[in-house]
>>> print(open('final-v7.cif').read())   # mmCIF, C-alpha atoms
data_structure
loop_
_atom_site.group_PDB
_atom_site.id
_atom_site.type_symbol
_atom_site.label_atom_id
_atom_site.label_comp_id
_atom_site.auth_asym_id
_atom_site.auth_seq_id
_atom_site.Cartn_x
_atom_site.Cartn_y
_atom_site.Cartn_z
ATOM 1 C CA MET K 1 0.000 0.000 0.000
ATOM 2 C CA LYS K 2 1.304 3.451 -0.846
ATOM 3 C CA THR K 3 1.839 5.938 1.946
ATOM 4 C CA GLY K 4 0.130 9.317 1.980
ATOM 5 C CA SER K 5 3.386 11.152 1.259
ATOM 6 C CA ARG K 6 4.123 8.798 -1.629
ATOM 7 C CA CYS K 7 0.683 9.418 -3.161
ATOM 8 C CA VAL K 8 1.078 13.201 -2.816
ATOM 9 C CA ALA K 9 4.536 13.010 -4.407
ATOM 10 C CA GLU K 10 3.199 10.965 -7.293
ATOM 11 C CA ARG K 11 0.358 13.418 -7.903
ATOM 12 C CA LEU K 12 2.831 16.319 -7.888
ATOM 13 C CA ALA K 13 5.116 14.377 -10.215
ATOM 14 C CA ARG K 14 2.309 13.777 -12.693
ATOM 15 C CA VAL K 15 1.303 17.452 -12.615
ATOM 16 C CA ALA K 16 4.910 18.497 -13.200
ATOM 17 C CA CYS K 17 5.257 15.984 -15.984
ATOM 18 C CA HIS K 18 2.134 17.254 -17.702
ATOM 19 C CA LEU K 19 3.597 20.748 -17.474
ATOM 20 C CA GLY K 20 6.679 19.402 -19.203
ATOM 21 C CA LEU K 21 4.522 17.960 -21.965
ATOM 22 C CA LEU K 22 2.746 21.289 -22.276
ATOM 23 C CA ALA K 23 6.171 22.840 -22.734
ATOM 24 C CA THR K 24 6.682 20.485 -25.673
ATOM 25 C CA LEU K 25 3.482 21.749 -27.271
ATOM 26 C CA SER K 26 4.554 25.321 -26.521
ATOM 27 C CA LEU K 27 7.485 24.817 -28.900
ATOM 28 C CA LEU K 28 4.951 25.423 -31.645
ATOM 29 C CA VAL K 29 3.696 28.815 -30.516
ATOM 30 C CA ASP K 30 3.900 31.498 -33.219
ATOM 31 C CA SER K 31 6.016 34.506 -32.312
ATOM 32 C CA ALA K 32 4.406 36.944 -34.806
ATOM 33 C CA THR K 33 5.702 38.214 -38.129
ATOM 34 C CA ALA K 34 5.400 41.987 -37.911
ATOM 35 C CA GLU K 35 8.309 44.318 -37.108
ATOM 36 C CA GLU K 36 6.640 45.129 -33.785
ATOM 37 C CA ALA K 37 4.441 42.959 -31.586
ATOM 38 C CA PRO K 38 2.700 43.054 -28.184
ATOM 39 C CA LEU K 39 4.998 42.635 -25.188
ATOM 40 C CA TRP K 40 2.817 39.729 -24.055
ATOM 41 C CA GLU K 41 -0.072 37.594 -25.301
ATOM 42 C CA VAL K 42 -2.137 35.089 -23.294
ATOM 43 C CA GLY K 43 -4.557 32.381 -24.363
ATOM 44 C CA ALA K 44 -5.799 28.893 -23.545
ATOM 45 C CA GLY K 45 -7.001 25.805 -25.366
ATOM 46 C CA ALA K 46 -6.811 22.030 -25.438
ATOM 47 C CA GLY K 47 -4.829 19.262 -27.065
ATOM 48 C CA ALA K 48 -3.664 15.674 -26.833
ATOM 49 C CA ILE K 49 -0.260 14.059 -26.670
ATOM 50 C CA ALA K 50 0.878 10.459 -27.202
ATOM 51 C CA PHE K 51 4.171 9.188 -25.791
ATOM 52 C CA PRO K 52 5.879 5.940 -24.727
ATOM 53 C CA ASP K 53 6.411 5.025 -21.064
ATOM 54 C CA TYR K 54 10.115 5.649 -21.727
ATOM 55 C CA ARG K 55 12.295 5.758 -24.830
ATOM 56 C CA GLY K 56 12.395 2.183 -26.157
ATOM 57 C CA SER K 57 9.268 1.007 -24.343
ATOM 58 C CA ASP K 58 6.653 -0.816 -26.415
ATOM 59 C CA GLN K 59 3.844 0.575 -24.242
ATOM 60 C CA SER K 60 2.498 4.088 -24.637
ATOM 61 C CA ASN K 61 -0.158 6.483 -23.339
ATOM 62 C CA VAL K 62 -2.406 9.153 -24.815
ATOM 63 C CA TYR K 63 -3.408 12.076 -22.607
ATOM 64 C CA PRO K 64 -5.844 14.927 -23.273
ATOM 65 C CA LEU K 65 -4.485 18.075 -21.689
ATOM 66 C CA PRO K 66 -4.979 21.840 -21.506
ATOM 67 C CA VAL K 67 -2.754 23.972 -23.742
ATOM 68 C CA PRO K 68 -1.643 27.348 -22.385
ATOM 69 C CA TYR K 69 -0.646 29.967 -24.946
ATOM 70 C CA LEU K 70 1.936 32.386 -23.573
ATOM 71 C CA ILE K 71 4.188 34.798 -25.402
ATOM 72 C CA TYR K 72 6.418 37.232 -23.525
ATOM 73 C CA ARG K 73 9.009 39.261 -25.402
ATOM 74 C CA GLY K 74 11.074 40.674 -22.540
ATOM 75 C CA ARG K 75 14.751 41.484 -22.646
ATOM 76 C CA TYR K 76 15.896 38.740 -20.264
ATOM 77 C CA LEU K 77 12.851 36.479 -20.092
ATOM 78 C CA GLN K 78 11.087 35.208 -23.192
ATOM 79 C CA ALA K 79 8.291 32.738 -23.886
ATOM 80 C CA ASP K 80 7.495 31.914 -27.500
ATOM 81 C CA ARG K 81 7.656 29.041 -29.998
ATOM 82 C CA GLU K 82 11.034 28.045 -28.498
ATOM 83 C CA GLY K 83 9.519 27.602 -25.033
ATOM 84 C CA LEU K 84 9.970 29.503 -21.763
ATOM 85 C CA ARG K 85 13.569 30.543 -21.223
ATOM 86 C CA GLY K 86 15.767 32.946 -19.355
ATOM 87 C CA ILE K 87 18.302 34.774 -21.520
ATOM 88 C CA LEU K 88 21.694 34.543 -19.798
ATOM 89 C CA MET K 89 23.720 36.013 -22.672
ATOM 90 C CA LYS K 90 22.715 37.339 -26.088
ATOM 91 C CA GLN K 91 24.942 38.370 -28.984
ATOM 92 C CA PRO K 92 24.051 38.861 -32.677
ATOM 93 C CA ARG K 93 24.865 35.228 -33.529
ATOM 94 C CA ALA K 94 25.063 33.559 -30.117
ATOM 95 C CA GLU K 95 22.742 33.126 -27.150
ATOM 96 C CA VAL K 96 22.924 31.266 -23.854
ATOM 97 C CA ASN K 97 19.607 30.438 -22.220
ATOM 98 C CA ILE K 98 17.981 27.900 -19.907
ATOM 99 C CA SER K 99 16.798 24.586 -21.384
ATOM 100 C CA VAL K 100 14.050 22.593 -19.626
ATOM 101 C CA ASN K 101 12.460 19.197 -20.270
ATOM 102 C CA ALA K 102 10.517 16.571 -18.296
ATOM 103 C CA THR K 103 9.980 12.793 -18.308
ATOM 104 C CA THR K 104 6.824 10.929 -17.376
ATOM 105 C CA PRO K 105 6.274 8.689 -14.326
ATOM 106 C CA VAL K 106 5.957 4.969 -15.023
ATOM 107 C CA ASP K 107 3.925 2.573 -12.852
ATOM 108 C CA SER K 108 5.835 -0.703 -13.185
ATOM 109 C CA ASP K 109 2.664 -2.656 -12.372
ATOM 110 C CA HIS K 110 1.311 -1.428 -15.729
ATOM 111 C CA ASN K 111 4.461 -1.996 -17.780
ATOM 112 C CA GLU K 112 5.185 -5.638 -18.659
ATOM 113 C CA ALA K 113 8.928 -5.137 -19.177
ATOM 114 C CA ARG K 114 9.302 -3.578 -15.697
ATOM 115 C CA ALA K 115 6.924 -5.855 -13.774
ATOM 116 C CA GLY K 116 8.224 -6.316 -10.232
ATOM 117 C CA MET K 117 10.704 -3.447 -10.520
ATOM 118 C CA PRO K 118 10.497 -0.043 -8.799
ATOM 119 C CA ASP K 119 8.333 2.620 -10.416
ATOM 120 C CA LEU K 120 9.999 5.400 -12.379
ATOM 121 C CA ASP K 121 9.313 8.832 -10.938
ATOM 122 C CA ALA K 122 8.740 11.802 -13.215
ATOM 123 C CA ALA K 123 11.867 13.881 -13.577
ATOM 124 C CA VAL K 124 12.641 17.454 -14.518
ATOM 125 C CA GLU K 125 15.723 18.220 -16.615
ATOM 126 C CA ILE K 126 17.259 21.706 -16.575
ATOM 127 C CA GLY K 127 20.505 23.325 -17.660
ATOM 128 C CA PRO K 128 22.141 25.884 -19.965
ATOM 129 C CA SER K 129 21.929 25.818 -23.753
ATOM 130 C CA LEU K 130 24.365 27.499 -26.148
ATOM 131 C CA ASN K 131 22.633 28.531 -29.401
ATOM 132 C CA LEU K 132 24.687 29.627 -32.415
ATOM 133 C CA MET K 133 23.124 31.130 -35.535
ATOM 134 C CA LEU K 134 24.632 29.332 -38.537
ATOM 135 C CA TRP K 135 22.571 30.950 -41.301
ATOM 136 C CA LYS K 136 19.699 33.378 -41.719
ATOM 137 C CA ASP K 137 18.152 34.511 -44.994
ATOM 138 C CA ALA K 138 17.816 38.193 -45.821
ATOM 139 C CA SER K 139 14.063 38.215 -45.150
ATOM 140 C CA GLY K 140 14.420 36.529 -41.744
ATOM 141 C CA ARG K 141 11.926 33.843 -42.750
ATOM 142 C CA ALA K 142 14.432 30.976 -42.537
ATOM 143 C CA THR K 143 17.125 30.241 -39.972
ATOM 144 C CA VAL K 144 19.554 27.439 -39.180
ATOM 145 C CA GLU K 145 20.934 27.159 -35.628
ATOM 146 C CA PHE K 146 23.304 24.882 -33.765
ATOM 147 C CA ARG K 147 22.121 24.252 -30.202
ATOM 148 C CA LEU K 148 23.941 22.592 -27.339
ATOM 149 C CA PRO K 149 21.713 21.975 -24.292
ATOM 150 C CA VAL K 150 23.369 20.377 -21.248
ATOM 151 C CA ARG K 151 20.748 19.286 -18.709
ATOM 152 C CA GLY K 152 20.873 17.655 -15.305
ATOM 153 C CA ALA K 153 17.891 15.574 -14.147
ATOM 154 C CA VAL K 154 16.268 15.169 -10.727
ATOM 155 C CA THR K 155 13.221 13.103 -9.833
ATOM 156 C CA LEU K 156 9.995 14.709 -8.635
ATOM 157 C CA SER K 157 9.139 12.595 -5.607
ATOM 158 C CA ALA K 158 8.884 12.733 -1.826
ATOM 159 C CA ASP K 159 12.604 11.885 -1.762
ATOM 160 C CA PRO K 160 14.101 13.574 -4.860
ATOM 161 C CA GLN K 161 17.190 11.960 -6.331
ATOM 162 C CA TRP K 162 19.758 13.096 -8.832
ATOM 163 C CA ILE K 163 19.692 10.841 -11.903
ATOM 164 C CA GLY K 164 22.431 12.259 -14.102
ATOM 165 C CA TRP K 165 23.233 14.364 -17.147
ATOM 166 C CA GLN K 166 22.271 14.639 -20.809
ATOM 167 C CA VAL K 167 24.090 16.467 -23.623
ATOM 168 C CA LEU K 168 22.052 17.091 -26.798
ATOM 169 C CA PRO K 169 23.904 18.732 -29.735
ATOM 170 C CA GLN K 170 21.234 19.727 -32.256
ATOM 171 C CA VAL K 171 20.724 21.435 -35.593
ATOM 172 C CA ASN K 172 17.479 23.421 -35.649
ATOM 173 C CA VAL K 173 15.832 24.743 -38.836
ATOM 174 C CA ASP K 174 12.917 27.194 -38.748
ATOM 175 C CA PHE K 175 11.142 28.743 -41.677
ATOM 176 C CA ARG K 176 7.911 30.540 -42.513
ATOM 177 C CA PRO K 177 6.628 29.478 -45.946
ATOM 178 C CA ALA K 178 3.747 31.982 -45.691
ATOM 179 C CA PRO K 179 2.587 34.692 -43.266
ATOM 180 C CA ARG K 180 1.569 33.262 -39.869
ATOM 181 C CA TRP K 181 2.806 29.778 -40.780
ATOM 182 C CA ASN K 182 5.738 28.258 -38.893
ATOM 183 C CA ILE K 183 7.573 25.026 -39.655
ATOM 184 C CA GLY K 184 10.402 23.743 -37.482
ATOM 185 C CA MET K 185 12.781 20.809 -37.808
ATOM 186 C CA LEU K 186 15.328 19.617 -35.269
ATOM 187 C CA ALA K 187 17.799 16.731 -35.325
ATOM 188 C CA GLY K 188 20.753 15.583 -33.268
ATOM 189 C CA PRO K 189 22.289 12.830 -31.137
ATOM 190 C CA ILE K 190 21.831 12.430 -27.377
ATOM 191 C CA PHE K 191 24.596 11.507 -24.937
ATOM 192 C CA THR K 192 24.000 10.536 -21.301
ATOM 193 C CA ASP K 193 26.155 9.655 -18.345
ATOM 194 C CA ALA K 194 26.004 6.191 -16.775
ATOM 195 C CA ARG K 195 23.771 7.286 -13.911
ATOM 196 C CA TYR K 196 21.070 8.581 -16.271
ATOM 197 C CA SER K 197 21.156 5.391 -18.361
ATOM 198 C CA ARG K 198 21.018 3.194 -15.244
ATOM 199 C CA TYR K 199 17.866 4.909 -13.990
ATOM 200 C CA PHE K 200 15.877 3.853 -17.049
ATOM 201 C CA TYR K 201 17.571 0.704 -18.391
ATOM 202 C CA GLU K 202 19.558 -1.119 -15.702
ATOM 203 C CA VAL K 203 18.350 -4.447 -14.299
ATOM 204 C CA ALA K 204 19.856 -5.158 -10.868
ATOM 205 C CA PRO K 205 20.427 -8.813 -9.847
ATOM 206 C CA ARG K 206 17.492 -8.751 -7.402
ATOM 207 C CA TYR K 207 15.096 -7.840 -10.242
ATOM 208 C CA ALA K 208 16.469 -10.291 -12.809
ATOM 209 C CA THR K 209 14.278 -13.082 -14.206
ATOM 210 C CA ARG K 210 14.671 -15.699 -16.918
ATOM 211 C CA GLU K 211 13.216 -13.273 -19.461
ATOM 212 C CA ARG K 212 14.913 -10.215 -17.943
ATOM 213 C CA PRO K 213 18.623 -10.882 -17.323
ATOM 214 C CA VAL K 214 20.939 -8.637 -15.324
ATOM 215 C CA PHE K 215 22.034 -5.557 -17.257
ATOM 216 C CA GLU K 216 24.425 -2.796 -16.215
ATOM 217 C CA ALA K 217 23.919 0.388 -18.230
ATOM 218 C CA GLY K 218 26.853 2.603 -19.174
ATOM 219 C CA SER K 219 27.416 6.112 -20.449
ATOM 220 C CA GLY K 220 27.684 7.303 -24.045
ATOM 221 C CA TYR K 221 25.524 7.539 -27.124
ATOM 222 C CA ALA K 222 21.781 7.389 -26.334
ATOM 223 C CA GLY K 223 20.166 7.609 -29.766
ATOM 224 C CA THR K 224 19.342 10.342 -32.261
ATOM 225 C CA GLN K 225 16.289 12.566 -32.083
ATOM 226 C CA PHE K 226 14.302 14.059 -34.988
ATOM 227 C CA LEU K 227 11.465 16.545 -34.458
ATOM 228 C CA LEU K 228 9.055 18.157 -36.929
ATOM 229 C CA SER K 229 6.547 20.808 -35.897
ATOM 230 C CA THR K 230 4.124 23.167 -37.589
ATOM 231 C CA SER K 231 1.774 25.898 -36.394
ATOM 232 C CA ARG K 232 -0.594 28.483 -37.833
ATOM 233 C CA ARG K 233 -2.067 31.630 -36.317
ATOM 234 C CA PHE K 234 -5.556 32.673 -37.484
ATOM 235 C CA ASP K 235 -6.094 36.101 -35.890
ATOM 236 C CA LYS K 236 -7.024 35.030 -32.327
ATOM 237 C CA LEU K 237 -6.831 31.260 -32.966
ATOM 238 C CA TRP K 238 -3.599 29.262 -32.864
ATOM 239 C CA VAL K 239 -3.287 25.610 -33.983
ATOM 240 C CA GLY K 240 -0.212 23.392 -33.941
ATOM 241 C CA ALA K 241 1.095 19.855 -34.157
ATOM 242 C CA PHE K 242 4.401 18.052 -33.708
ATOM 243 C CA THR K 243 5.930 14.604 -33.996
ATOM 244 C CA ARG K 244 9.235 13.362 -32.583
ATOM 245 C CA TYR K 245 11.128 10.217 -33.593
ATOM 246 C CA ASP K 246 14.025 8.692 -31.664
ATOM 247 C CA ASP K 247 16.345 6.193 -33.370
ATOM 248 C CA LEU K 248 17.849 4.106 -30.553
ATOM 249 C CA ARG K 249 19.962 1.728 -32.644
ATOM 250 C CA GLY K 250 23.521 1.674 -31.385
ATOM 251 C CA ALA K 251 22.658 3.240 -28.031
ATOM 252 C CA ALA K 252 24.864 2.308 -25.078
ATOM 253 C CA PHE K 253 21.833 0.633 -23.433
ATOM 254 C CA GLU K 254 20.535 -1.091 -26.589
ATOM 255 C CA ALA K 255 21.142 -4.554 -25.085
ATOM 256 C CA SER K 256 18.993 -3.839 -22.025
ATOM 257 C CA PRO K 257 16.053 -6.268 -21.669
ATOM 258 C CA LEU K 258 13.937 -3.185 -20.884
ATOM 259 C CA MET K 259 14.508 -1.997 -24.472
ATOM 260 C CA LYS K 260 11.585 -3.475 -26.390
ATOM 261 C CA GLN K 261 11.869 -1.263 -29.488
ATOM 262 C CA ARG K 262 14.814 0.364 -31.221
ATOM 263 C CA HIS K 263 12.733 3.432 -31.982
ATOM 264 C CA SER K 264 10.425 5.767 -30.092
ATOM 265 C CA TRP K 265 7.627 8.142 -31.164
ATOM 266 C CA MET K 266 5.930 11.109 -29.496
ATOM 267 C CA SER K 267 3.216 13.230 -31.144
ATOM 268 C CA GLY K 268 0.883 15.996 -30.115
ATOM 269 C CA VAL K 269 -1.754 18.401 -31.431
ATOM 270 C CA GLY K 270 -3.328 21.433 -29.865
ATOM 271 C CA PHE K 271 -5.244 24.678 -30.345
ATOM 272 C CA ALA K 272 -5.587 27.831 -28.287
ATOM 273 C CA TRP K 273 -7.687 30.990 -28.320
ATOM 274 C CA VAL K 274 -5.735 34.198 -27.646
ATOM 275 C CA PHE K 275 -7.943 36.282 -25.378
ATOM 276 C CA ALA K 276 -5.611 39.037 -24.111
ATOM 277 C CA GLN K 277 -2.533 40.999 -25.152
ATOM 278 C CA SER K 278 -0.644 44.028 -23.936
ATOM 279 C CA THR K 279 -1.043 47.479 -25.449
ATOM 280 C CA THR K 280 2.710 47.940 -25.119
ATOM 281 C CA ARG K 281 4.513 46.913 -28.281
ATOM 282 C CA VAL K 282 8.164 45.964 -28.639
ATOM 283 C CA PRO K 283 10.437 45.536 -31.669
ATOM 284 C CA LEU K 284 11.118 41.972 -32.720
ATOM 285 C CA PRO K 285 14.754 40.851 -32.842
ATOM 286 C CA ASP K 286 16.496 40.975 -36.197
#
>>> encode(input="final-v7.cif", output="structure tokens")
Amino acid sequence: MKTGSRCVAERLARVACHLGLLATLSLLVDSATAEEAPLWEVGAGAGAIAFPDYRGSDQSNVYPLPVPYLIYRGRYLQADREGLRGILMKQPRAEVNISVNATTPVDSDHNEARAGMPDLDAAVEIGPSLNLMLWKDASGRATVEFRLPVRGAVTLSADPQWIGWQVLPQVNVDFRPAPRWNIGMLAGPIFTDARYSRYFYEVAPRYATRERPVFEAGSGYAGTQFLLSTSRRFDKLWVGAFTRYDDLRGAAFEASPLMKQRHSWMSGVGFAWVFAQSTTRVPLPD
């Protein structure tokens, strides 16, 4: 039987995880196309997101969820189609900001590969990201960036634990084929330390079975991620969708018995109605 503190921690973890998934949908938010725009815009809507229990799991979930629409174009704090971030350093072709992600909790009683093993708590990942502008067309409608997020992860539970690091070098392409349309593409490998890999893929001797042999996870290559997103703003209505594919072939933990698939998919759709914006307008960055 779960204790009261454990149940509260799990509820908080699920809320935090859903916020992380909302942040994924917020990657699609349009940032406007005029030379000037409102300092902030606020809206709300709904959506759905489908994701595996963990990368490489053959079991997945679909959740309906609210979609907040938030744009803030401040000097040091911004929220737009690249998510919520604090600007630590900004130069014409380089920027350092805060990168955030989240993972979902997994109830091992409902995951065949992990039956009899401890549950996985939701985790929040946070750290700096160096973004370098590689190319930008004269109209500003197409850009190519190199991004280097480095994130540490901690579980969201009654007894939080540090679960390691991830490094995600990425190439990000954004372009606007028509006014108010946005299309984004991102690709790059993922590297994790041994502690991070162990949290998701290690099988300790006490949890080994005939079908699930002992496995000790190590550090190194953790697959390659590809993401495609699109969004469209219709006056006060915003709609968006994304899909993410992870190729896990060759990953350091590929031989883990908890790896049931060598690929992983996540997809989401959403819409939001923009119901308020500031009268103060600010110039958009070049």
>>> residues_around(input="final-v7.cif", residues="stretch 249-253 of chain K", least_positions_apart="4", cutoff="6 Å", atoms="only C-alpha atoms", output="PDB file with C-alpha atoms, in the frame of the given file")
ATOM      1  CA  ALA K 217      23.919   0.388 -18.230  1.00  0.00           C
ATOM      2  CA  GLY K 220      27.684   7.303 -24.045  1.00  0.00           C
ATOM      3  CA  TYR K 221      25.524   7.539 -27.124  1.00  0.00           C
ATOM      4  CA  ALA K 222      21.781   7.389 -26.334  1.00  0.00           C
ATOM      5  CA  GLY K 223      20.166   7.609 -29.766  1.00  0.00           C
ATOM      6  CA  ARG K 262      14.814   0.364 -31.221  1.00  0.00           C
TER       7      ARG K 262
END
>>> resolve_selection(input="final-v7.cif", expression="the PyMOL selection byres ((chain K and resi 275-279) around 7)", output="ChimeraX atom specification")
/K:38-43,273-274,280-281
>>> closest_residue(input="final-v7.cif", among="K:Leu258, K:Gln166, K:Gly240, K:Ser157", to="K:Glu202", atoms="all atoms listed in the file")
K:Leu258
>>> axis_aligned_box(input="final-v7.cif", around="stretch 147-161 of chain K", padding_each_side="8 Å", output="AutoDock Vina command-line options")
--center_x 16.4 --center_y 18.1 --center_z -16.0 --size_x 31.1 --size_y 28.4 --size_z 44.4
>>> atom_distance(input="final-v7.cif", atom1="atom CA of K:Val239", atom2="atom CA of K:Trp181")
10.0 Å
>>> closest_residue(input="final-v7.cif", among="K:Asp53, K:Asp107, K:Asp246, K:Glu95", to="K:Pro189", atoms="all atoms listed in the file")
K:Asp246
>>> resolve_selection(input="final-v7.cif", expression="the PyMOL selection byres ((chain K and resi 152) around 6)", output="list in words")
Glu125, Ile126, Arg151, Ala153, Gly164 and Trp165 of chain K
>>> closest_residue(input="final-v7.cif", among="K:Ile190, K:Ile183, K:Leu237, K:Ala208", to="K:Val150", atoms="all atoms listed in the file")
K:Ile190
>>> closest_residue(input="final-v7.cif", among="K:Arg232, K:Val124, K:Asp247, K:Val154", to="K:Gly270", atoms="only C-alpha atoms")
K:Arg232
>>> closest_atom_pairs(input="final-v7.cif", of="stretch 92-176 of chain K", to="stretch 211-215 of chain K", cutoff="12 Å", atoms="all atoms listed in the file", output="JSON lines")
{"residue": "K:Glu112", "atom": "CA", "partner": "K:Arg212", "partner_atom": "CA", "distance": 10.8}
{"residue": "K:Ala113", "atom": "CA", "partner": "K:Arg212", "partner_atom": "CA", "distance": 7.9}
{"residue": "K:Arg114", "atom": "CA", "partner": "K:Arg212", "partner_atom": "CA", "distance": 9.0}
{"residue": "K:Ala115", "atom": "CA", "partner": "K:Arg212", "partner_atom": "CA", "distance": 10.0}
{"residue": "K:Gly116", "atom": "CA", "partner": "K:Arg212", "partner_atom": "CA", "distance": 10.9}
{"residue": "K:Met117", "atom": "CA", "partner": "K:Arg212", "partner_atom": "CA", "distance": 10.9}
>>> resolve_selection(input="final-v7.cif", expression="the PyMOL selection byres ((chain K and resi 46) around 7)", output="list of chain:residue names")
K:Gly45, K:Gly47, K:Leu65, K:Pro66, K:Val67, K:Gly270, K:Phe271, K:Ala272
>>> atom_distance(input="final-v7.cif", atom1="atom CA of K:Val282", atom2="atom CA of K:Glu36")
5.4 Å
>>> atom_distance(input="final-v7.cif", atom1="atom CA of K:Pro169", atom2="atom CA of K:Pro149")
6.7 Å
>>> residues_around(input="final-v7.cif", residues="K:Gly268", least_positions_apart="4", cutoff="6 Å", atoms="all atoms listed in the file", output="PDB file with C-alpha atoms, in the coordinates of the input")
ATOM      1  CA  ALA K  48      -3.664  15.674 -26.833  1.00  0.00           C
ATOM      2  CA  ILE K  49      -0.260  14.059 -26.670  1.00  0.00           C
ATOM      3  CA  ALA K 241       1.095  19.855 -34.157  1.00  0.00           C
ATOM      4  CA  PHE K 242       4.401  18.052 -33.708  1.00  0.00           C
TER       5      PHE K 242
END
>>> closest_residue(input="final-v7.cif", among="K:Phe191, K:Ala50, K:Ala178, K:Ala102", to="K:Val269", atoms="all atoms listed in the file")
K:Ala50
>>> closest_residue(input="final-v7.cif", among="K:Tyr245, K:Tyr196, K:Trp135, K:Tyr207", to="K:Ile163", atoms="only C-alpha atoms")
K:Tyr196
>>> residues_around(input="final-v7.cif", residues="K:Arg147", least_positions_apart="4", cutoff="6 Å", atoms="all atoms listed in the file", output="VMD selection string")
chain K and resid 130 to 131 169 to 170
>>> write_last_selection(input="final-v7.cif", atoms="C-alpha atoms", output="PDB file, keeping the file's coordinate frame")
ATOM      1  CA  LEU K 130      24.365  27.499 -26.148  1.00  0.00           C
ATOM      2  CA  ASN K 131      22.633  28.531 -29.401  1.00  0.00           C
ATOM      3  CA  PRO K 169      23.904  18.732 -29.735  1.00  0.00           C
ATOM      4  CA  GLN K 170      21.234  19.727 -32.256  1.00  0.00           C
TER       5      GLN K 170
END
>>> residues_around(input="final-v7.cif", residues="K:Phe51", least_positions_apart="4", cutoff="8 Å", atoms="only C-alpha atoms", output="VMD selection string")
chain K and resid 60 to 62 265 to 267
>>> residues_around(input="final-v7.cif", residues="K:Leu186", least_positions_apart="3", cutoff="8 Å", atoms="all atoms listed in the file", output="mmCIF file with C-alpha atoms, in the coordinates of the input")
data_model
loop_
_atom_site.group_PDB
_atom_site.id
_atom_site.type_symbol
_atom_site.label_atom_id
_atom_site.label_comp_id
_atom_site.auth_asym_id
_atom_site.auth_seq_id
_atom_site.Cartn_x
_atom_site.Cartn_y
_atom_site.Cartn_z
ATOM 1 C CA GLN K 170 21.234 19.727 -32.256
ATOM 2 C CA VAL K 171 20.724 21.435 -35.593
ATOM 3 C CA ASN K 172 17.479 23.421 -35.649
ATOM 4 C CA VAL K 173 15.832 24.743 -38.836
ATOM 5 C CA GLN K 225 16.289 12.566 -32.083
ATOM 6 C CA PHE K 226 14.302 14.059 -34.988
ATOM 7 C CA LEU K 227 11.465 16.545 -34.458
ATOM 8 C CA LEU K 228 9.055 18.157 -36.929
#
>>> residues_near_point(input="final-v7.cif", point="(11.5, 5.1, -25.4)", cutoff="8 Å", atoms="only C-alpha atoms", output="VMD selection string")
chain K and resid 52 to 58 246 259 261 263 to 265
>>> decode(input="final-v7.cif", residues="stretch 101-138 of chain K", atoms="C-alpha atoms", output="compact mmCIF listing (two decimals), in the first residue's frame")
# COMPACT_ATOMS: atom_id res chain seq x y z
CA ASN K 101 12.46 19.20 -20.27
CA ALA K 102 10.52 16.57 -18.30
CA THR K 103 9.98 12.79 -18.31
CA THR K 104 6.82 10.93 -17.38
CA PRO K 105 6.27 8.69 -14.33
CA VAL K 106 5.96 4.97 -15.02
CA ASP K 107 3.93 2.57 -12.85
CA SER K 108 5.84 -0.70 -13.18
CA ASP K 109 2.66 -2.66 -12.37
CA HIS K 110 1.31 -1.43 -15.73
CA ASN K 111 4.46 -2.00 -17.78
CA GLU K 112 5.19 -5.64 -18.66
CA ALA K 113 8.93 -5.14 -19.18
CA ARG K 114 9.30 -3.58 -15.70
CA ALA K 115 6.92 -5.86 -13.77
CA GLY K 116 8.22 -6.32 -10.23
CA MET K 117 10.70 -3.45 -10.52
CA PRO K 118 10.50 -0.04 -8.80
CA ASP K 119 8.33 2.62 -10.42
CA LEU K 120 10.00 5.40 -12.38
CA ASP K 121 9.31 8.83 -10.94
CA ALA K 122 8.74 11.80 -13.21
CA ALA K 123 11.87 13.88 -13.58
CA VAL K 124 12.64 17.45 -14.52
CA GLU K 125 15.72 18.22 -16.61
CA ILE K 126 17.26 21.71 -16.57
CA GLY K 127 20.51 23.33 -17.66
CA PRO K 128 22.14 25.88 -19.97
CA SER K 129 21.93 25.82 -23.75
CA LEU K 130 24.37 27.50 -26.15
CA ASN K 131 22.63 28.53 -29.40
CA LEU K 132 24.69 29.63 -32.42
CA MET K 133 23.12 31.13 -35.54
CA LEU K 134 24.63 29.33 -38.54
CA TRP K 135 22.57 30.95 -41.30
CA LYS K 136 19.70 33.38 -41.72
CA ASP K 137 18.15 34.51 -44.99
CA ALA K 138 17.82 38.19 -45.82
